[in-house]
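As structure tokens, the structure follows; a few thoughts come after it.
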Amino acid sequence: MLKKSLIVASLLLASSSVMASDYFVGVNLLKSNASANVSGTMNIGGTIYSVVENTPSDNNLNFKFGMIDNSNRYTISTGTKLKDKGTEYSSIAISYDYLFEKNDIYTPFIGVSFGKGKLKDELFGNHNVTEYGVQTGVIIDIENNFEFEAGVSYTKLSCDTTATNKSGTYQGNTFTNMNGSLDIKSATGLYIGINYKF
């Protein structure tokens with residue numbers, strides 16, 4: 001009987017928490033820089049070239065949907081996280097943020113994230129990637145249910161691949177005998193965004 005009462009109380013508490021929450025949608029402008037190691041050689045038109053890929057760094061839009069209450073925020077986000085010549089990484093991630101006490105206009109937060117992504121690379125092919133990270137920032141109330149958000153993030157990526165005697169096309173040039181390795185270790189990001197709460 002006591003066990004049933006505890007279960008009912010927990011369900012009522014969770015239900016009231018959901019009822020007290022707001023749902024939101026938003027968009028972030030994300031600038032990311034990756035920490036990556038790339039090495040190798042390839043043959044283009046009879047000439048041997050070193051494999052050189054720039055460390056992915058770009059500005060991209062990411063979209064999000066979630067639920068927020070006075071001290072917690074749960075978010076699903078998706079979009080391109082890294083993009084450069086011949087390399088693109090996109091993912092979908094879930095995150096949890098703890099919201100510190102609101103100070104009139106702004107609310108600081110800190111959180112964690114986990115996601116799954118896809119790396120598309122002209123030299124090293126397509127690979128599934130697991131990501132996990134941390135983020136912190138501030139939410140600023142504007143008006144009419146709109147919020148401004150700014151933050152920083154650090155994401156760890158499990159992306160380590162090699163190529164042996166590979167042929168293909170890179171930036172419009174046909175290559176052969178490409179041997180090398182690509183290891184994207186992590187990405188740091190700065191972002192600003194706008195949210196709308198329902």
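Quick note on naming: the chains in the structure tokens go A, B, ... in the order shown, residues restart at 1 in each chain, and ligands are numbered from 1 in order of appearance.
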- request: Give me the residues within 8 Å of A:Asp97 as a ChimeraX atom specification, counting only C-alpha atoms and dropping any in the same chain fewer than 5 places off.
  value: /A:72-74,109-112
Residue selection dump (N, CA and C atoms) as a compact mmCIF listing (two decimals), in the first residue's frame:
```
# COMPACT_ATOMS: atom_id res chain seq x y z
N ASN A 72 15.12 23.68 -14.77
CA ASN A 72 15.58 22.62 -15.66
C ASN A 72 15.19 22.93 -17.11
N ARG A 73 16.05 22.49 -18.03
CA ARG A 73 15.73 22.61 -19.44
C ARG A 73 16.18 21.35 -20.17
N TYR A 74 15.28 20.78 -20.99
CA TYR A 74 15.57 19.59 -21.78
C TYR A 74 15.41 19.96 -23.25
N PHE A 109 23.13 29.17 -16.94
CA PHE A 109 22.88 27.72 -16.93
C PHE A 109 24.18 26.97 -17.22
N ILE A 110 24.14 25.68 -16.86
CA ILE A 110 25.24 24.77 -17.16
C ILE A 110 24.62 23.41 -17.46
N GLY A 111 25.20 22.67 -18.42
CA GLY A 111 24.56 21.42 -18.78
C GLY A 111 25.47 20.42 -19.47
N VAL A 112 24.85 19.29 -19.85
CA VAL A 112 25.55 18.20 -20.53
C VAL A 112 24.74 17.79 -21.75
```
Which residues of stretch 58-153 of chain A come within 6 Å of stretch 22-34 of chain A, and for each one, what is the closest pair of atoms and their distance in Å to one decimal, counting only C-alpha atoms, sorted by chain and residue number, as a Markdown table?
```
| residue | atom | partner | partner_atom | distance |
| --- | --- | --- | --- | --- |
| A:Asp58 | CA | A:Lys31 | CA | 5.6 |
| A:Asn59 | CA | A:Lys31 | CA | 4.4 |
| A:Asn60 | CA | A:Leu30 | CA | 5.3 |
| A:Leu61 | CA | A:Leu29 | CA | 4.7 |
| A:Asn62 | CA | A:Asn28 | CA | 5.1 |
| A:Phe63 | CA | A:Val27 | CA | 4.5 |
| A:Lys64 | CA | A:Gly26 | CA | 5.2 |
| A:Phe65 | CA | A:Val25 | CA | 4.4 |
| A:Gly66 | CA | A:Phe24 | CA | 5.4 |
| A:Met67 | CA | A:Tyr23 | CA | 4.4 |
| A:Ile68 | CA | A:Asp22 | CA | 5.3 |
```
Non-local contacts of A:Tyr89 (10 Å; only C-alpha atoms; under 2 positions in same chain excluded) as a compact mmCIF listing (two decimals) with N, CA and C atoms, in the first residue's frame:
```
# COMPACT_ATOMS: atom_id res chain seq x y z
N PRO A 56 38.13 21.82 -39.57
CA PRO A 56 36.80 22.37 -39.83
C PRO A 56 36.46 23.54 -38.90
N GLY A 79 21.49 19.93 -36.54
CA GLY A 79 22.09 20.86 -37.50
C GLY A 79 23.52 20.49 -37.80
N THR A 80 24.15 21.30 -38.65
CA THR A 80 25.55 21.10 -39.01
C THR A 80 26.44 21.72 -37.93
N LYS A 81 27.35 20.93 -37.40
CA LYS A 81 28.23 21.40 -36.33
C LYS A 81 29.59 21.84 -36.85
N LEU A 82 30.08 21.18 -37.91
CA LEU A 82 31.39 21.50 -38.50
C LEU A 82 31.27 21.42 -40.02
N LYS A 83 31.89 22.36 -40.70
CA LYS A 83 31.85 22.33 -42.16
C LYS A 83 33.05 23.08 -42.72
N ASP A 84 33.72 22.43 -43.67
CA ASP A 84 34.84 23.05 -44.36
C ASP A 84 34.99 22.35 -45.70
N THR A 87 34.67 18.50 -45.96
CA THR A 87 34.34 17.89 -44.67
C THR A 87 33.08 18.53 -44.10
N SER A 91 24.69 16.50 -36.67
CA SER A 91 24.26 15.58 -35.62
C SER A 91 22.90 15.97 -35.08
N GLY A 117 25.94 11.51 -34.72
CA GLY A 117 26.15 12.33 -35.89
C GLY A 117 26.71 11.57 -37.06
N LYS A 118 26.83 12.26 -38.18
CA LYS A 118 27.38 11.69 -39.41
C LYS A 118 28.47 12.61 -39.95
N LEU A 119 29.65 12.04 -40.15
CA LEU A 119 30.75 12.76 -40.79
C LEU A 119 30.77 12.38 -42.26
N LYS A 120 30.76 13.41 -43.14
CA LYS A 120 30.90 13.20 -44.58
C LYS A 120 32.21 13.86 -45.00
N ASP A 121 33.13 13.06 -45.52
CA ASP A 121 34.44 13.57 -45.88
C ASP A 121 34.83 13.03 -47.26
N ASN A 126 32.21 8.44 -45.37
CA ASN A 126 31.17 8.74 -44.39
C ASN A 126 31.31 7.84 -43.17
N HIS A 127 31.12 8.44 -41.99
CA HIS A 127 31.27 7.67 -40.74
C HIS A 127 30.24 8.13 -39.71
N ASN A 128 29.71 7.16 -38.97
CA ASN A 128 28.83 7.49 -37.84
C ASN A 128 29.69 7.87 -36.64
N VAL A 129 29.22 8.88 -35.92
CA VAL A 129 30.02 9.43 -34.81
C VAL A 129 29.14 9.57 -33.58
```
task: Looking only at strand (DSSP E) from DSSP on the backbone, list the matching residues of stretch 39-171 of chain A as JSON, numbers by chain.
output: {"A": [39, 40, 41, 42, 43, 44, 47, 48, 49, 50, 57, 58, 59, 60, 61, 62, 63, 64, 65, 66, 67, 68, 72, 73, 74, 75, 76, 77, 78, 79, 80, 81, 82, 83, 84, 87, 88, 89, 90, 91, 92, 93, 94, 95, 96, 97, 98, 99, 106, 107, 108, 109, 110, 111, 112, 113, 114, 115, 116, 117, 118, 119, 120, 121, 125, 126, 127, 128, 129, 130, 131, 132, 133, 134, 135, 136, 137, 138, 139, 140, 141, 146, 147, 148, 149, 150, 151, 152, 153, 154, 155, 156, 157, 158, 159, 160, 161, 162, 163, 164, 165, 166, 167, 168, 169, 170]}
message: What's the separation between atom CA of A:Gly125 and atom CA of A:Met42, in Å to one decimal place?
response: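 Atom CA of A:Gly125 sits 14.9 Å away from atom CA of A:Met42.
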message: Between A:Leu123, A:Asn177, A:Lys197, A:Leu182, which residue has the minimum interatomic distance to A:Asp69, considering only C-alpha atoms?
response: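 Using only C-alpha atoms, A:Asp69 sits closest to A:Lys197.
Excluding A:Thr41 itself and same-chain residues fewer than 2 positions from it, the residues having an atom within 9 Å of it are Ser39, Asn43, Ile48, Tyr49, Ser50, Val51, Val52, Asn177, Met178, Asn179 and Gly180 of chain A, counting only C-alpha atoms.
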Nearest to A:Thr162 by atom-to-atom distance, counting only C-alpha atoms, from A:Ala187, A:Phe124, A:Asn37, A:Glu143: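 Closest candidate: A:Phe124.
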task: Using DSSP on the backbone, list every residue of stretch 16-158 of chain A that comes out as helix (DSSP H, G or I), and give them as a PyMOL selection string.
output: chain A and resi 16-19
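Every protein, DNA or RNA residue with an atom at most 8 Å from A:Ser113, where only C-alpha atoms count and chain neighbours fewer than 6 positions away do not, is listed here: Ala93, Ile94, Ser95, Tyr96, Tyr132, Gly133, Val134 and Gln135 of chain A.
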Generate the output file for the selected residues, N, CA and C atoms, as a PDB file, in the first residue's frame.
```pdb
ATOM      1  N   ALA A  93      21.207  15.853 -31.143  1.00  0.00           N
ATOM      2  CA  ALA A  93      21.661  15.659 -29.763  1.00  0.00           C
ATOM      3  C   ALA A  93      20.556  16.011 -28.776  1.00  0.00           C
ATOM      4  N   ILE A  94      20.617  15.392 -27.614  1.00  0.00           N
ATOM      5  CA  ILE A  94      19.746  15.752 -26.504  1.00  0.00           C
ATOM      6  C   ILE A  94      20.628  16.378 -25.423  1.00  0.00           C
ATOM      7  N   SER A  95      20.066  17.344 -24.708  1.00  0.00           N
ATOM      8  CA  SER A  95      20.859  17.994 -23.662  1.00  0.00           C
ATOM      9  C   SER A  95      19.990  18.318 -22.459  1.00  0.00           C
ATOM     10  N   TYR A  96      20.659  18.390 -21.321  1.00  0.00           N
ATOM     11  CA  TYR A  96      20.014  18.826 -20.082  1.00  0.00           C
ATOM     12  C   TYR A  96      20.791  20.012 -19.534  1.00  0.00           C
ATOM     13  N   TYR A 132      29.557  13.625 -27.087  1.00  0.00           N
ATOM     14  CA  TYR A 132      29.049  14.004 -25.773  1.00  0.00           C
ATOM     15  C   TYR A 132      29.824  15.233 -25.322  1.00  0.00           C
ATOM     16  N   GLY A 133      29.177  16.078 -24.525  1.00  0.00           N
ATOM     17  CA  GLY A 133      29.851  17.319 -24.177  1.00  0.00           C
ATOM     18  C   GLY A 133      29.207  18.064 -23.032  1.00  0.00           C
ATOM     19  N   VAL A 134      29.695  19.276 -22.835  1.00  0.00           N
ATOM     20  CA  VAL A 134      29.198  20.170 -21.787  1.00  0.00           C
ATOM     21  C   VAL A 134      28.975  21.547 -22.403  1.00  0.00           C
ATOM     22  N   GLN A 135      28.109  22.311 -21.789  1.00  0.00           N
ATOM     23  CA  GLN A 135      27.843  23.664 -22.259  1.00  0.00           C
ATOM     24  C   GLN A 135      27.459  24.565 -21.088  1.00  0.00           C
TER      25      GLN A 135
END
```
- prompt: Which residue, A:Leu157, A:Ile105, A:Glu122, A:Ser71, has the smallest gap to A:Phe175 when you use only C-alpha atoms?
  reply: A:Glu122
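Ranking A:Ala36, A:Val138, A:Ile76, A:Ala150 by their shortest atom-to-atom distance to A:Phe100, with only C-alpha atoms included, puts A:Val138 first.
Residues in contact range of A:Asn70, defined as at most 9 Å between only C-alpha atoms, with sequence neighbours fewer than 6 positions away removed, read Ala20, Ser21, Leu99, Phe100, Glu101 and Lys102 of chain A.
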